[in-house]
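What follows is coords.pdb (PDB, C-alpha atoms and all ligand atoms).
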```pdb
ATOM      1  CA  MET A   1    -111.334-268.831  51.434  1.00  0.00           C
ATOM      2  CA  GLY A   2    -115.027-268.482  51.150  1.00  0.00           C
ATOM      3  CA  LEU A   3    -118.068-266.772  49.747  1.00  0.00           C
ATOM      4  CA  GLY A   4    -120.041-263.734  50.736  1.00  0.00           C
ATOM      5  CA  VAL A   5    -123.674-264.475  51.552  1.00  0.00           C
ATOM      6  CA  ASN A   6    -126.755-262.284  51.869  1.00  0.00           C
ATOM      7  CA  ALA A   7    -129.926-263.202  53.758  1.00  0.00           C
ATOM      8  CA  THR A   8    -133.246-261.616  52.846  1.00  0.00           C
ATOM      9  CA  CYS A   9    -136.771-262.024  54.193  1.00  0.00           C
ATOM     10  CA  ASP A  10    -140.091-260.758  52.845  1.00  0.00           C
ATOM     11  CA  CYS A  11    -140.608-258.828  56.097  1.00  0.00           C
ATOM     12  CA  GLY A  12    -137.724-256.529  55.224  1.00  0.00           C
ATOM     13  CA  TYR A  13    -135.061-258.217  57.314  1.00  0.00           C
ATOM     14  CA  PHE A  14    -131.776-258.123  55.464  1.00  0.00           C
ATOM     15  CA  GLU A  15    -128.334-259.268  56.501  1.00  0.00           C
ATOM     16  CA  SER A  16    -125.354-258.779  54.213  1.00  0.00           C
ATOM     17  CA  ASP A  17    -121.677-259.547  54.703  1.00  0.00           C
ATOM     18  CA  LEU A  18    -122.316-263.046  55.973  1.00  0.00           C
ATOM     19  CA  SER A  19    -119.685-265.626  55.089  1.00  0.00           C
ATOM     20  CA  LEU A  20    -119.556-269.273  54.127  1.00  0.00           C
ATOM     21  CA  GLY A  21    -116.188-270.961  53.872  1.00  0.00           C
ATOM     22  CA  GLY A  22    -112.944-271.503  55.684  1.00  0.00           C
ATOM     23  CA  ASN A  23    -109.384-272.732  55.611  1.00  0.00           C
ATOM     24  CA  MET A  24    -108.383-275.906  53.839  1.00  0.00           C
ATOM     25  CA  ASP A  25    -106.781-277.167  57.057  1.00  0.00           C
ATOM     26  CA  GLY A  26    -110.099-276.958  58.903  1.00  0.00           C
ATOM     27  CA  THR A  27    -108.934-274.502  61.568  1.00  0.00           C
ATOM     28  CA  CYS A  28    -111.573-272.016  60.496  1.00  0.00           C
ATOM     29  CA  MET A  29    -115.023-272.727  59.129  1.00  0.00           C
ATOM     30  CA  LEU A  30    -117.355-269.781  58.773  1.00  0.00           C
ATOM     31  CA  PHE A  31    -121.067-270.473  58.583  1.00  0.00           C
ATOM     32  CA  PRO A  32    -124.163-268.268  58.933  1.00  0.00           C
ATOM     33  CA  ALA A  33    -125.895-268.948  62.232  1.00  0.00           C
ATOM     34  CA  LEU A  34    -128.845-267.709  64.231  1.00  0.00           C
ATOM     35  CA  CYS A  35    -127.880-265.887  67.432  1.00  0.00           C
ATOM     36  CA  ARG A  36    -130.921-266.167  69.665  1.00  0.00           C
ATOM     37  CA  GLN A  37    -129.554-263.550  72.019  1.00  0.00           C
ATOM     38  CA  CYS A  38    -129.056-260.887  69.314  1.00  0.00           C
ATOM     39  CA  GLY A  39    -132.081-262.028  67.307  1.00  0.00           C
ATOM     40  CA  ARG A  40    -130.153-261.823  64.071  1.00  0.00           C
ATOM     41  CA  ILE A  41    -128.078-263.867  61.681  1.00  0.00           C
ATOM     42  CA  VAL A  42    -124.353-263.714  62.286  1.00  0.00           C
ATOM     43  CA  THR A  43    -121.282-265.443  60.889  1.00  0.00           C
ATOM     44  CA  VAL A  44    -119.825-267.943  63.313  1.00  0.00           C
ATOM     45  CA  ASP A  45    -116.570-269.892  63.187  1.00  0.00           C
ATOM     46  CA  VAL A  46    -118.017-273.360  63.661  1.00  0.00           C
ATOM     47  CA  ALA A  47    -114.543-274.966  63.728  1.00  0.00           C
ATOM     48  CA  GLN A  48    -114.164-273.619  67.276  1.00  0.00           C
ATOM     49  CA  GLN A  49    -115.257-275.980  70.021  1.00  0.00           C
ATOM     50  CA  SER A  50    -117.544-273.393  71.564  1.00  0.00           C
ATOM     51  CA  ALA A  51    -118.783-271.354  68.638  1.00  0.00           C
ATOM     52  CA  SER A  52    -119.855-267.902  69.756  1.00  0.00           C
ATOM     53  CA  CYS A  53    -121.579-264.853  68.335  1.00  0.00           C
ATOM     54  CA  PRO A  54    -119.128-262.154  67.170  1.00  0.00           C
ATOM     55  CA  PHE A  55    -121.395-259.424  68.567  1.00  0.00           C
ATOM     56  CA  CYS A  56    -122.598-260.583  72.000  1.00  0.00           C
ATOM     57  CA  ARG A  57    -120.024-263.397  72.496  1.00  0.00           C
ATOM     58  CA  GLY A  58    -122.934-265.601  73.479  1.00  0.00           C
ATOM     59  CA  SER A  59    -122.929-269.300  72.664  1.00  0.00           C
ATOM     60  CA  ASP A  60    -126.667-269.563  71.924  1.00  0.00           C
ATOM     61  CA  VAL A  61    -125.993-269.881  68.211  1.00  0.00           C
ATOM     62  CA  VAL A  62    -127.459-272.390  65.748  1.00  0.00           C
ATOM     63  CA  ARG A  63    -125.946-273.086  62.348  1.00  0.00           C
ATOM     64  CA  TYR A  64    -128.330-272.397  59.522  1.00  0.00           C
ATOM     65  CA  ASP A  65    -127.948-275.909  58.125  1.00  0.00           C
ATOM     66  CA  ALA A  66    -129.764-277.202  61.210  1.00  0.00           C
ATOM     67  CA  PRO A  67    -132.999-278.934  60.082  1.00  0.00           C
ATOM     68  CA  SER A  68    -134.977-276.913  62.656  1.00  0.00           C
ATOM     69  CA  LEU A  69    -134.195-273.668  60.820  1.00  0.00           C
ATOM     70  CA  SER A  70    -135.141-274.813  57.313  1.00  0.00           C
ATOM     71  CA  ALA A  71    -138.570-275.527  55.856  1.00  0.00           C
ATOM     72  CA  ASP A  72    -137.147-277.812  53.181  1.00  0.00           C
ATOM     73  CA  THR A  73    -133.967-279.758  53.893  1.00  0.00           C
ATOM     74  CA  LYS A  74    -133.992-281.369  50.452  1.00  0.00           C
ATOM     75  CA  ALA A  75    -134.109-278.247  48.278  1.00  0.00           C
ATOM     76  CA  GLY A  76    -131.334-277.576  45.784  1.00  0.00           C
ATOM     77  CA  GLU A  77    -128.214-275.619  46.683  1.00  0.00           C
ATOM     78  CA  ALA A  78    -128.433-271.828  46.836  1.00  0.00           C
ATOM     79  CA  VAL A  79    -124.909-271.286  48.112  1.00  0.00           C
ATOM     80  CA  GLN A  80    -122.296-274.011  48.423  1.00  0.00           C
ATOM     81  CA  TRP A  81    -118.761-274.213  49.741  1.00  0.00           C
ATOM     82  CA  GLY A  82    -117.379-277.746  49.682  1.00  0.00           C
ATOM     83  CA  ALA A  83    -119.674-279.904  51.787  1.00  0.00           C
ATOM     84  CA  ASP A  84    -121.283-276.875  53.381  1.00  0.00           C
ATOM     85  CA  VAL A  85    -124.546-275.903  51.760  1.00  0.00           C
ATOM     86  CA  LEU A  86    -127.290-273.336  52.180  1.00  0.00           C
ATOM     87  CA  ARG A  87    -130.312-274.534  50.270  1.00  0.00           C
ATOM     88  CA  ASP A  88    -132.851-272.841  48.064  1.00  0.00           C
ATOM     89  CA  SER A  89    -135.301-273.237  50.911  1.00  0.00           C
ATOM     90  CA  ALA A  90    -137.331-271.026  53.220  1.00  0.00           C
ATOM     91  CA  TYR A  91    -135.325-270.482  56.384  1.00  0.00           C
ATOM     92  CA  PHE A  92    -136.340-269.201  59.781  1.00  0.00           C
ATOM     93  CA  CYS A  93    -136.284-265.397  60.018  1.00  0.00           C
ATOM     94  CA  PRO A  94    -135.190-264.043  63.421  1.00  0.00           C
ATOM     95  CA  LYS A  95    -137.188-260.851  62.896  1.00  0.00           C
ATOM     96  CA  CYS A  96    -140.687-262.023  61.922  1.00  0.00           C
ATOM     97  CA  GLY A  97    -140.379-265.598  63.175  1.00  0.00           C
ATOM     98  CA  GLU A  98    -141.669-267.055  59.888  1.00  0.00           C
ATOM     99  CA  TYR A  99    -139.993-269.489  57.517  1.00  0.00           C
ATOM    100  CA  ASN A 100    -139.620-266.909  54.792  1.00  0.00           C
ATOM    101  CA  LEU A 101    -135.937-266.135  54.611  1.00  0.00           C
ATOM    102  CA  GLY A 102    -133.638-266.936  51.718  1.00  0.00           C
ATOM    103  CA  PHE A 103    -129.870-267.066  51.313  1.00  0.00           C
ATOM    104  CA  ALA A 104    -128.013-266.036  48.177  1.00  0.00           C
ATOM    105  CA  GLY A 105    -124.375-265.628  47.272  1.00  0.00           C
ATOM    106  CA  SER A 106    -123.354-261.968  47.154  1.00  0.00           C
ATOM    107  CA  GLY A 107    -120.844-262.673  44.410  1.00  0.00           C
ATOM    108  CA  ASP A 108    -117.954-261.707  46.681  1.00  0.00           C
ATOM    109  CA  PHE A 109    -115.076-263.975  47.601  1.00  0.00           C
ATOM    110  CA  PHE A 110    -112.663-263.629  50.486  1.00  0.00           C
ATOM    111  CA  ASP A 111    -109.334-265.275  51.276  1.00  0.00           C
TER     112      ASP A 111
HETATM  113 ZN    ZN A 201    -125.244-262.487  69.518  1.00  0.00          ZN
HETATM  114 ZN    ZN A 202    -138.815-262.017  58.303  1.00  0.00          ZN
END
```
Please re-express this file's structure in structure tokens.
Amino acid sequence: MGLGVNATCDCGYFESDLSLGGNMDGTCMLFPALCRQCGRIVTVDVAQQSASCPFCRGSDVVRYDAPSLSADTKAGEAVQWGADVLRDSAYFCPKCGEYNLGFAGSGDFFD
């Protein structure tokens, strides 16, 4: 179970079909993450011991709730699933390298 998430930056970077959520039993926990190798935002299953990018299979991925990727770690929630939160903050954009990116729920749910 989870929520669809979109990421948008002022520079024109746009990533849709990201996911936030997972199983109740904790075997799957999807979270948007930065893949440094692909230079884009991907959805990673962070419940796995070695979380990897679904596109390049690389492990150089950083969850977007990492303080280093957010300009304001105390902003209100933009998208929330249980204890997992993307804030109404300015996040790091992999395309322009600025803290200008925002997350929003797409309104979609998945099982
Ligand atoms: Zn990748
Ligand atoms: Zn950007």
So which residues are near ligand ZN 201 (chain A), meaning at most 6 Å away with all atoms listed in the file counted, given back as a PyMOL selection string?
-> chain A and resi 35+37-38+53+55-56+58
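Around ligand ZN 202 (chain A), using only C-alpha atoms and all ligand atoms and a cut-off of 8 Å, the residues in contact are Thr8, Cys9, Asp10, Cys11, Gly12, Tyr13, Phe92, Cys93, Pro94, Lys95, Cys96, Gly97, Glu98, Tyr99, Asn100 and Leu101 of chain A.
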For the structure shown, which residues end up in the PyMOL selection byres (((chain A and resi 63-72) around 9) and not hetatm)? Put them as a PyMOL selection string, please?
-> chain A and resi 31-34+41+44+46+61-62+73-75+84-93+99-100
What is the distance, in Å and to one decimal place, between CA of Ala83 (chain A) and CA of Ser16 (chain A)?
->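 CA of Ser16 (chain A) lies at a distance of 22.0 Å from CA of Ala83 (chain A).
You will find CA of Arg57 (chain A) at 23.6 Å from CA of Phe103 (chain A).
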Expected selection from the PyMOL selection byres (((chain A and resi 106) around 12) and not hetatm), given as a list in words | Gly2, Leu3, Gly4, Val5, Asn6, Ala7, Thr8, Glu15, Ser16, Asp17, Leu18, Ser19, Leu20, Ala78, Val79, Phe103, Ala104, Gly105, Gly107, Asp108, Phe109 and Phe110 of chain A
Near Gln49 (chain A), within 12 Å and counting only C-alpha atoms, which residues show up once chain neighbours fewer than 6 positions away are dropped, as a compact mmCIF listing (two decimals) with C-alpha atoms, in the frame of the given file?
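Listing of around.txt after writing:
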```txt
# COMPACT_ATOMS: atom_id res chain seq x y z
CA THR A 27 -108.93 -274.50 61.57
CA CYS A 28 -111.57 -272.02 60.50
CA MET A 29 -115.02 -272.73 59.13
CA SER A 59 -122.93 -269.30 72.66
```
Using the file's own x, y and z axes, so that the box edges lie along x, y and z, what centre and edge lengths in Å (one decimal) does a box around every listed atom of region 58-74 of chain A get when 6 Å is added on each side? Give it as JSON.
```
{"center_x": -130.7, "center_y": -273.5, "center_z": 62.0, "size_x": 27.6, "size_y": 27.8, "size_z": 35.0}
```
Taken to one decimal, the CA of Asp111 (chain A)-CA of Gly76 (chain A) distance is 25.8 Å
